[in-house]
Structure formats: C-alpha cells, structure tokens
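*Asks:* coords_1.cif is reproduced in full below (mmCIF, C-alpha atoms (C1' of nucleotides)).
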```cif
data_upload
#
loop_
_atom_site.label_atom_id
_atom_site.label_comp_id
_atom_site.auth_asym_id
_atom_site.auth_seq_id
_atom_site.Cartn_x
_atom_site.Cartn_y
_atom_site.Cartn_z
CA MET A 287 80.52 -2.98 101.66
CA ARG A 288 80.84 -6.53 100.39
CA ILE A 289 83.78 -7.40 98.14
CA VAL A 290 84.27 -10.81 96.59
CA THR A 291 86.81 -12.66 94.45
CA TRP A 292 85.76 -15.64 92.36
CA ASN A 293 87.60 -17.65 89.74
CA VAL A 294 84.62 -18.72 87.64
CA ASN A 295 86.47 -20.96 85.15
CA SER A 296 84.64 -19.70 82.06
CA LEU A 297 81.99 -17.04 82.38
CA LYS A 298 80.05 -18.51 79.51
CA GLN A 299 79.70 -21.82 81.33
CA ARG A 300 79.06 -20.19 84.69
CA VAL A 301 76.20 -17.85 83.83
CA PRO A 302 73.56 -20.26 85.23
CA ARG A 303 75.44 -20.23 88.55
CA LEU A 304 76.64 -16.64 88.58
CA LEU A 305 73.34 -14.83 88.08
CA PRO A 306 71.39 -16.53 90.90
CA TRP A 307 74.46 -16.20 93.12
CA LEU A 308 74.59 -12.44 92.45
CA GLY A 309 71.02 -12.17 93.67
CA GLU A 310 71.74 -14.21 96.80
CA ARG A 311 75.05 -12.71 97.89
CA ARG A 312 74.63 -9.28 96.40
CA PRO A 313 78.29 -8.23 96.34
CA ASP A 314 79.09 -4.55 96.00
CA VAL A 315 82.32 -5.37 94.23
CA LEU A 316 82.96 -8.66 92.45
CA CYS A 317 86.36 -9.59 91.04
CA LEU A 318 86.29 -12.37 88.46
CA GLN A 319 89.09 -14.49 87.09
CA GLU A 320 89.28 -16.95 84.21
CA THR A 321 86.40 -15.35 82.37
CA LYS A 322 87.87 -16.91 79.19
CA LEU A 323 86.03 -14.27 77.21
CA ALA A 324 87.01 -11.26 75.15
CA ASP A 325 85.46 -7.94 76.15
CA GLU A 326 82.90 -7.71 73.36
CA PRO A 327 81.34 -11.13 73.95
CA PHE A 328 81.46 -10.35 77.68
CA ALA A 329 79.31 -7.29 77.09
CA GLU A 330 76.95 -9.21 74.83
CA LEU A 331 76.62 -12.03 77.33
CA LEU A 332 76.11 -10.07 80.54
CA GLY A 333 76.25 -6.34 79.87
CA ALA A 334 72.52 -5.62 79.94
CA ASP A 335 71.84 -7.92 82.87
CA LEU A 336 74.62 -6.46 84.99
CA GLU A 337 73.58 -2.93 84.15
CA ALA A 338 70.03 -3.71 85.25
CA ARG A 339 71.45 -4.93 88.54
CA GLY A 340 73.33 -1.70 88.98
CA TYR A 341 76.83 -2.91 88.20
CA ALA A 342 79.44 -1.04 86.26
CA VAL A 343 81.93 -3.37 84.59
CA ALA A 344 85.65 -3.22 83.87
CA ALA A 345 86.40 -6.30 81.80
CA TYR A 346 89.84 -7.22 80.53
CA GLY A 347 89.66 -10.46 78.65
CA GLU A 348 90.88 -12.40 75.70
CA ALA A 349 89.56 -15.32 73.70
CA THR A 350 89.98 -18.80 75.15
CA TRP A 351 92.17 -18.28 78.22
CA ASN A 352 92.69 -15.99 81.20
CA GLY A 353 90.48 -12.93 81.54
CA VAL A 354 89.63 -10.79 84.58
CA ALA A 355 86.90 -8.31 85.43
CA ILE A 356 85.69 -6.02 88.19
CA LEU A 357 81.96 -5.51 88.69
CA SER A 358 81.00 -2.69 91.01
CA ARG A 359 77.89 -0.89 92.15
CA VAL A 360 79.82 1.48 94.42
CA GLY A 361 81.67 3.29 91.66
CA LEU A 362 84.28 2.24 89.16
CA GLU A 363 86.91 4.83 88.43
CA ASP A 364 90.42 5.05 87.02
CA VAL A 365 90.35 1.63 85.40
CA VAL A 366 93.76 0.24 84.50
CA THR A 367 94.19 -3.00 82.59
CA GLY A 368 97.26 -5.13 83.06
CA ILE A 369 100.45 -4.19 84.87
CA GLU A 370 102.49 -1.44 83.30
CA GLY A 371 105.87 -2.80 82.32
CA GLY A 372 104.92 -6.30 83.41
CA PRO A 373 106.05 -9.43 81.57
CA GLY A 374 104.13 -11.39 78.96
CA PHE A 375 104.43 -14.92 77.66
CA PRO A 376 105.73 -13.59 75.44
CA ASN A 377 102.88 -11.13 74.89
CA PRO A 378 100.85 -9.54 77.68
CA GLU A 379 98.00 -11.69 78.99
CA ALA A 380 94.70 -10.58 80.52
CA ARG A 381 95.59 -11.21 84.16
CA ALA A 382 95.07 -7.96 86.05
CA VAL A 383 92.56 -5.14 86.17
CA SER A 384 92.42 -2.33 88.71
CA ALA A 385 89.82 0.27 89.58
CA THR A 386 88.80 2.53 92.44
CA CYS A 387 85.53 1.34 93.97
CA GLY A 388 83.91 2.85 97.05
CA GLY A 389 87.10 4.64 97.98
CA ILE A 390 89.34 1.59 97.74
CA ARG A 391 91.87 0.79 95.05
CA VAL A 392 90.80 -2.69 93.95
CA VAL A 393 93.35 -4.86 92.14
CA CYS A 394 91.92 -8.04 90.63
CA VAL A 395 94.53 -10.61 89.62
CA TYR A 396 94.87 -13.99 87.98
CA VAL A 397 98.45 -15.02 88.69
CA PRO A 398 100.08 -17.35 86.14
CA ASN A 399 99.88 -21.02 87.04
CA GLY A 400 103.55 -21.90 86.75
CA ARG A 401 102.95 -25.49 85.65
CA THR A 402 106.26 -26.98 86.82
CA PRO A 403 109.08 -25.38 88.80
CA ASP A 404 111.66 -25.93 86.06
CA SER A 405 109.59 -24.34 83.32
CA ASP A 406 109.49 -20.98 81.58
CA HIS A 407 105.92 -20.76 82.88
CA TYR A 408 107.25 -20.84 86.43
CA ARG A 409 109.86 -18.15 85.76
CA TYR A 410 107.12 -16.09 84.12
CA LYS A 411 104.99 -16.51 87.23
CA LEU A 412 107.74 -15.16 89.49
CA ALA A 413 108.48 -12.26 87.15
CA TRP A 414 104.77 -11.44 86.95
CA LEU A 415 104.47 -11.43 90.74
CA ALA A 416 107.48 -9.13 91.03
CA SER A 417 105.81 -6.67 88.65
CA LEU A 418 102.59 -6.85 90.63
CA THR A 419 104.49 -6.13 93.83
CA GLU A 420 106.16 -3.14 92.25
CA MET A 421 102.81 -1.79 91.11
CA ILE A 422 101.32 -2.21 94.58
CA GLN A 423 104.33 -0.63 96.28
CA HIS A 424 103.79 2.49 94.21
CA GLY A 425 100.02 2.28 94.14
CA PRO A 426 97.42 4.27 96.07
CA ARG A 427 96.04 3.48 99.52
CA PRO A 428 93.72 2.17 100.78
CA THR A 429 94.03 -0.86 98.58
CA ILE A 430 92.94 -4.44 98.29
CA VAL A 431 94.55 -7.07 96.08
CA LEU A 432 92.41 -10.08 95.49
CA GLY A 433 92.15 -12.98 93.14
CA ASP A 434 93.56 -16.33 92.19
CA MET A 435 97.16 -16.14 93.40
CA ASN A 436 97.97 -19.71 92.40
CA ILE A 437 100.07 -19.91 95.59
CA ALA A 438 99.20 -21.65 98.82
CA PRO A 439 100.80 -19.36 101.43
CA THR A 440 101.70 -22.13 103.90
CA ASP A 441 101.49 -25.88 104.29
CA GLU A 442 98.29 -25.30 106.26
CA ASP A 443 96.73 -24.17 103.02
CA VAL A 444 96.96 -27.50 101.19
CA PHE A 445 95.17 -30.70 102.16
CA ASP A 446 98.33 -32.79 102.04
CA PRO A 447 101.68 -30.98 102.00
CA GLU A 448 103.47 -34.24 101.27
CA ALA A 449 101.53 -34.61 98.05
CA TYR A 450 102.67 -31.22 96.81
CA ILE A 451 106.40 -31.41 97.46
CA GLY A 452 108.24 -30.24 94.39
CA GLN A 453 105.10 -28.92 92.73
CA THR A 454 104.07 -25.41 91.90
CA HIS A 455 101.92 -23.37 94.29
CA VAL A 456 103.93 -24.37 97.34
CA THR A 457 107.59 -23.81 96.44
CA ALA A 458 109.76 -21.48 98.51
CA PRO A 459 110.33 -18.95 95.70
CA GLU A 460 106.59 -18.62 95.10
CA ARG A 461 105.88 -18.17 98.80
CA GLU A 462 108.73 -15.69 99.03
CA ALA A 463 107.25 -13.75 96.09
CA LEU A 464 103.92 -13.67 97.91
CA ALA A 465 105.66 -12.52 101.09
CA GLN A 466 107.27 -9.70 99.12
CA LEU A 467 103.86 -8.63 97.88
CA GLN A 468 102.49 -8.67 101.42
CA ALA A 469 105.53 -6.72 102.59
CA ALA A 470 104.06 -3.80 100.65
CA GLY A 471 101.67 -3.61 103.60
CA LEU A 472 99.01 -6.17 102.77
CA ARG A 473 97.36 -8.52 105.24
CA ASP A 474 95.90 -11.96 104.46
CA ILE A 475 92.32 -11.26 105.51
CA VAL A 476 90.86 -14.76 105.52
CA ARG A 477 93.79 -16.30 107.40
CA GLU A 478 93.64 -13.52 110.00
CA ARG A 479 89.96 -14.27 110.44
CA TRP A 480 90.50 -18.02 110.80
CA PRO A 481 93.98 -18.28 112.34
CA ASP A 482 93.60 -21.72 113.87
CA THR A 483 91.20 -23.30 111.44
CA GLU A 484 92.53 -26.04 109.22
CA ARG A 485 90.95 -26.63 105.88
CA VAL A 486 90.07 -23.17 104.74
CA PHE A 487 90.20 -24.03 101.08
CA THR A 488 89.05 -22.10 98.02
CA TYR A 489 89.85 -24.57 95.24
CA TRP A 490 89.11 -28.25 94.85
CA ASP A 491 90.01 -30.36 91.84
CA TYR A 492 86.99 -31.53 89.88
CA ARG A 493 88.21 -35.09 89.90
CA ALA A 494 87.89 -37.99 92.29
CA GLY A 495 85.44 -36.36 94.65
CA MET A 496 88.01 -33.94 95.97
CA PHE A 497 85.44 -31.37 97.04
CA HIS A 498 83.27 -33.97 98.72
CA GLN A 499 86.27 -35.03 100.80
CA ASP A 500 87.36 -31.43 101.33
CA LEU A 501 90.73 -32.07 99.72
CA GLY A 502 91.63 -28.65 98.40
CA MET A 503 93.92 -25.68 98.53
CA ARG A 504 93.66 -22.06 99.62
CA ILE A 505 94.98 -20.17 96.63
CA ASP A 506 92.37 -17.46 96.19
CA LEU A 507 93.42 -14.68 98.52
CA VAL A 508 92.25 -11.30 99.72
CA LEU A 509 95.15 -9.06 100.71
CA ALA A 510 94.33 -5.67 102.17
CA SER A 511 96.17 -2.64 103.46
CA ASP A 512 95.77 -1.85 107.18
CA ASP A 513 93.08 0.78 106.65
CA VAL A 514 90.92 -1.80 104.88
CA ALA A 515 91.88 -4.74 107.09
CA GLY A 516 90.75 -2.80 110.12
CA ARG A 517 87.25 -2.56 108.69
CA VAL A 518 86.72 -6.30 108.12
CA LYS A 519 83.54 -7.58 109.71
CA ALA A 520 83.44 -10.98 108.11
CA ALA A 521 85.59 -13.04 105.76
CA TRP A 522 84.63 -16.47 104.52
CA VAL A 523 84.65 -18.95 101.67
CA ASP A 524 81.30 -19.46 100.00
CA ARG A 525 81.48 -23.25 99.76
CA HIS A 526 77.84 -23.44 98.73
CA ALA A 527 78.79 -22.03 95.32
CA ARG A 528 81.12 -25.03 94.79
CA LYS A 529 78.29 -27.53 95.30
CA GLY A 530 75.59 -28.77 92.96
CA LYS A 531 75.43 -28.78 89.21
CA GLY A 532 77.95 -27.00 87.04
CA PRO A 533 80.15 -25.24 89.61
CA SER A 534 83.52 -23.63 89.06
CA ASP A 535 86.38 -25.53 90.67
CA HIS A 536 86.96 -22.42 92.83
CA ALA A 537 84.61 -20.99 95.47
CA PRO A 538 84.03 -17.27 95.98
CA VAL A 539 85.85 -15.59 98.87
CA ILE A 540 83.61 -13.02 100.52
CA VAL A 541 84.74 -10.09 102.68
CA ASP A 542 82.39 -7.65 104.40
CA LEU A 543 83.72 -4.25 105.44
CA ASP A 544 82.32 -1.80 107.93
CA GLU A 545 81.70 1.69 106.70
CA ALA A 546 84.77 3.86 106.88
CA PRO A 547 85.16 5.98 110.05
CA ASP A 548 82.70 8.88 110.15
CA GLY A 549 81.05 7.43 107.08
CA ASP A 550 83.62 9.29 105.04
CA ILE A 551 85.77 7.11 102.92
CA GLY A 552 88.00 10.01 102.06
CA PRO A 553 90.07 10.43 98.94
CA VAL A 554 92.15 7.66 97.56
CA VAL A 555 95.72 8.88 97.79
CA PRO A 556 97.19 8.97 94.31
CA PRO A 557 100.22 6.86 93.59
CA ALA A 558 103.72 8.21 93.68
CA SER A 559 105.28 8.63 90.29
CA ASN A 560 105.64 5.24 88.78
CA PRO A 561 107.71 5.45 85.63
CA ALA A 562 107.16 2.76 83.08
CA LYS A 563 109.83 0.16 83.01
CA THR A 564 110.47 -2.56 80.53
CA LYS A 565 110.98 -5.97 81.95
CA LYS A 566 112.07 -9.11 80.28
CA LEU A 567 111.23 -12.58 81.35
CA PRO A 568 114.34 -14.36 82.58
CA GLN A 569 115.54 -16.76 79.97
CA ALA A 570 115.89 -20.45 80.54
CA SER A 571 119.45 -21.50 81.07
CA PRO A 572 120.86 -23.26 78.03
"C1'" DA B 298 95.84 -43.34 85.16
"C1'" DT B 299 100.47 -39.85 88.63
"C1'" DG B 300 95.02 -35.58 83.81
"C1'" DC B 301 90.64 -39.73 87.94
"C1'" DC B 302 86.98 -33.61 85.62
"C1'" DT B 303 85.92 -29.58 83.01
"C1'" DG B 304 86.42 -26.19 79.37
"C1'" DA B 305 88.13 -24.45 74.73
"C1'" DA B 306 89.35 -25.06 70.06
"C1'" DG B 307 88.71 -27.48 66.44
"C1'" DG B 308 88.10 -31.82 64.54
"C1'" DG B 309 86.76 -36.87 65.52
"C1'" DT B 310 91.58 -35.28 69.54
"C1'" DT B 311 94.70 -32.21 72.13
"C1'" DC B 312 95.96 -28.79 75.42
"C1'" DA B 313 95.36 -26.36 79.78
"C1'" DG B 314 94.23 -26.05 84.53
"C1'" DA B 315 96.58 -26.50 90.06
#
```
Can you present the structure in this file as structure tokens?
*Replies:*
Amino acid sequence: MRIVTWNVNSLKQRVPRLLPWLGERRPDVLCLQETKLADEPFAELLGADLEARGYAVAAYGEATWNGVAILSRVGLEDVVTGIEGGPGFPNPEARAVSATCGGIRVVCVYVPNGRTPDSDHYRYKLAWLASLTEMIQHGPRPTIVLGDMNIAPTDEDVFDPEAYIGQTHVTAPEREALAQLQAAGLRDIVRERWPDTERVFTYWDYRAGMFHQDLGMRIDLVLASDDVAGRVKAAWVDRHARKGKGPSDHAPVIVDLDEAPDGDIGPVVPPASNPAKTKKLPQASP
DNA sequence: ATGCCTGAAGGGTTCAGA
C-alpha cells in the first residue's frame, strides 16, 4: 500500500502536473494540502477523472486558501472534516480531514503557517496543534498523520539554521508542540528511514533558484503509529515532482507499506469517548 | 529587495505563503 502527502499549492494550477504524476506513482492513498478550492469546484475539476482512476475522494476545502483532501482506492470510510473543538481564526479553516483507508486511520493536515512568532497567527498555530494532538490521543489505531506540518523538527531539517533563528517553523514552542503530537505514539517515518542523511527536504522556495541549490526545509511529515511504522518498506521524497514546468513548491512524500501480517489488516479500533470541547484561541496580551 | 516566485482576488495592485 502506497500512501503519499503532497502540498500542491492550488489544485487548479497543478492539474497538469497532478494527473500524469498519479499515473506514474499510482498512490493508493493521496493526501493533498492547499487545494485552494471549495468542494463543488473540486468535484467539477477532478471528480470524474479521479472516479475513472478508481479513487474515492474526501475533500474539505474553501475558496481561495487552505483546503485538504484524501483520495483513496483502498476504501474511504468514516470521513471527518476538521478537528472537533479545534480553534479557528476566528472561524474554522479547512485544514484537516480524516478517513479510514485500507485499515488505517488517515489524518491529513495543513498546519497553520504562524507567520511570525509574536503574532496571533503563531498562537493560533500552537492552539491548532494542541487540538490535533488531543484528537490523535483519543483517536483509533493504527493511524497515520501526514501533511504540511509547517514545522522543521530539528536544525537538520533546514538548509541553514542560522538563517531561520527567530522565525517560525523552527522555534522551540513549535518543535515542542510537534513532540507532544509524536508523544501520542507517532514515529517520523522519513527521518527514521534516512537517519544520517542531510538535506532531506520537502519544500523549496520558488525564488532565487532555491530548489536548484537544494536549499529547502523538511516540513511535510509522515507520522505513524508503531503498527504502521513497522510495515514501512520505503519512504522518500519525490523530488522529480518539484522539477520542470509549473511545479508546486512542495514535493510529494511517498511511503510504501508491506501488507499487514497474515494479509489481514484487522479492524480499526474505535476511539475512546472523545467529548466535544470548546477551545478559544489565546488572546494577544494587551 | 530581507517577498528575489507563484497563486488568488480583484482591479490596474495587494495579500499570503515558509
């Protein structure tokens, strides 16, 4: 089973790259971020084509910004959009969609950017991550959380740590929030696969030839519970998709899993009771 | 120039992204 996460930076603009790529890489499950498309235009744009290719679609989008989706040809059940009780800015944004695919609870996320560490956007990012962690703590297993985390887990995951001091994506509170998420029992699949390899990046700025010089960041992550992590056969960044004409600024991250033991994926264990809670975004100090 | 590309909305430019 092949599962992929890809921030496409506008589905509308990426169709000429996405469709050939689907035929080449043939993912079983594809998690998209930054579709920048509401659900109806999504269906009009790709619905028939994806159906012909055997994909079921769970799209959760909005006009202009954000937007996530899960495409699956190994089943798509119990779709949940958003994070129950999670914060908005101030209203909920289309940043998470979950579904059970091939016996795994798949959680596709587009974590808020944060902009600058002294901003409401940054506080929103931390609050959003805390809500995600709570959902995962109470969520079913096996599970895989993948998407654009907008956090580089360590200094090894940015091309020049000095250049990022004081900026979002690398601050201690963000990394601590990511560590809390992983403490729910999730392993960083790509880093485990390439423990000593520098320059495993998934995002490169469009400007100044950053991709050509391999000056990027690893911010698109695949985090999996032990029962999924133990099945990983391969995990890699599809740099080819970042090359050529009209690419996204992110590359797909591809993970191949062995079949489950005995070929039986077994039931997905339902979540413990997870009562809805109302959360408020911390207010800026006066 | 510390926004060097790219995309979206909407209008002849501005905001957002990481």
*Asks:* Any chance you could resolve the PyMOL selection byres ((chain B) within 10 of (chain A)) against this file and give the residues as a ChimeraX atom specification?
*Replies:* /B:300-306,313-315
*Asks:* Distance atom CA of A:Arg473-atom CA of A:Arg311, one decimal place?
*Replies:*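 Atom CA of A:Arg473 sits 23.9 Å away from atom CA of A:Arg311.
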*Asks:* Evaluated on this file, the PyMOL selection byres ((chain A and resi 462) around 12) picks out some residues - which ones are they, written as a list in words?
*Replies:*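 For this structure, the PyMOL selection byres ((chain A and resi 462) around 12) resolves to Leu412, Leu415, Ala416, Thr419, Ile437, Ala438, Pro439, Thr440, His455, Val456, Thr457, Ala458, Pro459, Glu460, Arg461, Ala463, Leu464, Ala465, Gln466, Leu467, Gln468 and Ala469 of chain A.
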*Asks:* Can you turn the PyMOL selection byres ((chain A and resi 526) around 12) into a concrete residue list for this file, as a PyMOL selection string?
*Replies:* chain A and resi 303+307+310-311+488+497-498+522-525+527-531+533-539
*Asks:* Using atom CA of A:Glu320 and atom CA of A:Asn293 as the two end points, give the distance in Å to one decimal.
*Replies:*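 Pair atom CA of A:Glu320 / atom CA of A:Asn293 returns 5.8 Å.
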*Asks:* Could you tell me how far atom CA of A:Gln319 sits from atom CA of A:Thr291, in Å to one decimal place?
*Replies:*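 Value for the atom CA of A:Thr291-atom CA of A:Gln319 distance: 7.9 Å.
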*Asks:* Name the closest residue to A:Val486 among the candidates A:Ala521, A:Ala510, A:Pro426, A:Arg391; distances are taken between atoms, counting only C-alpha atoms.
*Replies:*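 Closest to A:Val486 of all the choices is A:Ala521.
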*Asks:* Would you pick out the contacts of A:Gly340 at 12 Å or less, using all atoms listed in the file, so that residues sharing its chain but fewer than 4 positions from it are not included, and give the list as a VMD selection string?
*Replies:* chain A and resid 308 to 309 312 to 315 333 to 336 357 to 362
*Asks:* Do a neighbour search on A:Lys519 at 12 Å with only C-alpha atoms (C1' of nucleotides), toss out local chain neighbours closer than 2 positions, and write the hits as a PyMOL selection string.
*Replies:* chain A and resi 287-289+475-476+478-479+514-517+521-522+540-546
*Asks:* Some atoms are absent from stretch 415-442 of chain A, so rebuild N, CA and C atoms and return them as an mmCIF file, in the frame of the given file.
*Replies:*
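The result, written out as result-v2.cif:
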```cif
data_model
loop_
_atom_site.group_PDB
_atom_site.id
_atom_site.type_symbol
_atom_site.label_atom_id
_atom_site.label_comp_id
_atom_site.auth_asym_id
_atom_site.auth_seq_id
_atom_site.Cartn_x
_atom_site.Cartn_y
_atom_site.Cartn_z
ATOM 1 N N LEU A 415 104.719 -11.804 89.339
ATOM 2 C CA LEU A 415 104.470 -11.430 90.740
ATOM 3 C C LEU A 415 105.348 -10.257 91.163
ATOM 4 N N ALA A 416 106.590 -10.244 90.683
ATOM 5 C CA ALA A 416 107.480 -9.130 91.030
ATOM 6 C C ALA A 416 106.938 -7.821 90.457
ATOM 7 N N SER A 417 106.396 -7.872 89.248
ATOM 8 C CA SER A 417 105.810 -6.670 88.650
ATOM 9 C C SER A 417 104.572 -6.220 89.410
ATOM 10 N N LEU A 418 103.764 -7.190 89.827
ATOM 11 C CA LEU A 418 102.590 -6.850 90.630
ATOM 12 C C LEU A 418 103.005 -6.162 91.928
ATOM 13 N N THR A 419 104.021 -6.712 92.572
ATOM 14 C CA THR A 419 104.490 -6.130 93.830
ATOM 15 C C THR A 419 104.963 -4.695 93.628
ATOM 16 N N GLU A 420 105.676 -4.493 92.527
ATOM 17 C CA GLU A 420 106.160 -3.140 92.250
ATOM 18 C C GLU A 420 104.991 -2.175 92.046
ATOM 19 N N MET A 421 103.974 -2.635 91.330
ATOM 20 C CA MET A 421 102.810 -1.790 91.110
ATOM 21 C C MET A 421 102.114 -1.452 92.440
ATOM 22 N N ILE A 422 102.006 -2.434 93.300
ATOM 23 C CA ILE A 422 101.320 -2.210 94.580
ATOM 24 C C ILE A 422 102.153 -1.299 95.482
ATOM 25 N N GLN A 423 103.461 -1.483 95.449
ATOM 26 C CA GLN A 423 104.330 -0.630 96.280
ATOM 27 C C GLN A 423 104.140 0.840 95.944
ATOM 28 N N HIS A 424 103.930 1.105 94.657
ATOM 29 C CA HIS A 424 103.790 2.490 94.210
ATOM 30 C C HIS A 424 102.340 2.907 94.058
ATOM 31 N N GLY A 425 101.427 2.005 94.364
ATOM 32 C CA GLY A 425 100.020 2.280 94.140
ATOM 33 C C GLY A 425 99.376 3.033 95.280
ATOM 34 N N PRO A 426 98.125 3.479 95.059
ATOM 35 C CA PRO A 426 97.420 4.270 96.070
ATOM 36 C C PRO A 426 96.956 3.430 97.258
ATOM 37 N N ARG A 427 96.642 4.081 98.328
ATOM 38 C CA ARG A 427 96.040 3.480 99.520
ATOM 39 C C ARG A 427 94.763 4.224 99.859
ATOM 40 N N PRO A 428 93.770 3.596 100.440
ATOM 41 C CA PRO A 428 93.720 2.170 100.780
ATOM 42 C C PRO A 428 93.605 1.293 99.541
ATOM 43 N N THR A 429 94.060 0.044 99.718
ATOM 44 C CA THR A 429 94.030 -0.860 98.580
ATOM 45 C C THR A 429 93.733 -2.279 99.012
ATOM 46 N N ILE A 430 93.223 -3.028 98.055
ATOM 47 C CA ILE A 430 92.940 -4.440 98.290
ATOM 48 C C ILE A 430 93.309 -5.209 97.027
ATOM 49 N N VAL A 431 94.110 -6.229 97.202
ATOM 50 C CA VAL A 431 94.550 -7.070 96.080
ATOM 51 C C VAL A 431 93.890 -8.422 96.269
ATOM 52 N N LEU A 432 93.110 -8.826 95.300
ATOM 53 C CA LEU A 432 92.410 -10.080 95.490
ATOM 54 C C LEU A 432 92.285 -10.841 94.177
ATOM 55 N N GLY A 433 92.264 -12.161 94.330
ATOM 56 C CA GLY A 433 92.150 -12.980 93.140
ATOM 57 C C GLY A 433 92.756 -14.357 93.329
ATOM 58 N N ASP A 434 92.965 -15.009 92.196
ATOM 59 C CA ASP A 434 93.560 -16.330 92.190
ATOM 60 C C ASP A 434 95.073 -16.157 92.142
ATOM 61 N N MET A 435 95.714 -16.340 93.294
ATOM 62 C CA MET A 435 97.160 -16.140 93.400
ATOM 63 C C MET A 435 97.942 -17.350 92.897
ATOM 64 N N ASN A 436 97.287 -18.478 92.780
ATOM 65 C CA ASN A 436 97.970 -19.710 92.400
ATOM 66 C C ASN A 436 99.178 -19.988 93.294
ATOM 67 N N ILE A 437 99.060 -19.589 94.565
ATOM 68 C CA ILE A 437 100.070 -19.910 95.590
ATOM 69 C C ILE A 437 99.322 -20.236 96.875
ATOM 70 N N ALA A 438 99.687 -21.344 97.483
ATOM 71 C CA ALA A 438 99.200 -21.650 98.820
ATOM 72 C C ALA A 438 100.214 -21.071 99.810
ATOM 73 N N PRO A 439 99.805 -20.096 100.631
ATOM 74 C CA PRO A 439 100.800 -19.360 101.430
ATOM 75 C C PRO A 439 101.611 -20.238 102.375
ATOM 76 N N THR A 440 100.986 -21.253 102.967
ATOM 77 C CA THR A 440 101.700 -22.130 103.900
ATOM 78 C C THR A 440 101.238 -23.571 103.689
ATOM 79 N N ASP A 441 101.908 -24.479 104.378
ATOM 80 C CA ASP A 441 101.490 -25.880 104.290
ATOM 81 C C ASP A 441 100.104 -26.104 104.869
ATOM 82 N N GLU A 442 99.653 -25.183 105.728
ATOM 83 C CA GLU A 442 98.290 -25.300 106.260
ATOM 84 C C GLU A 442 97.237 -25.085 105.177
#
```
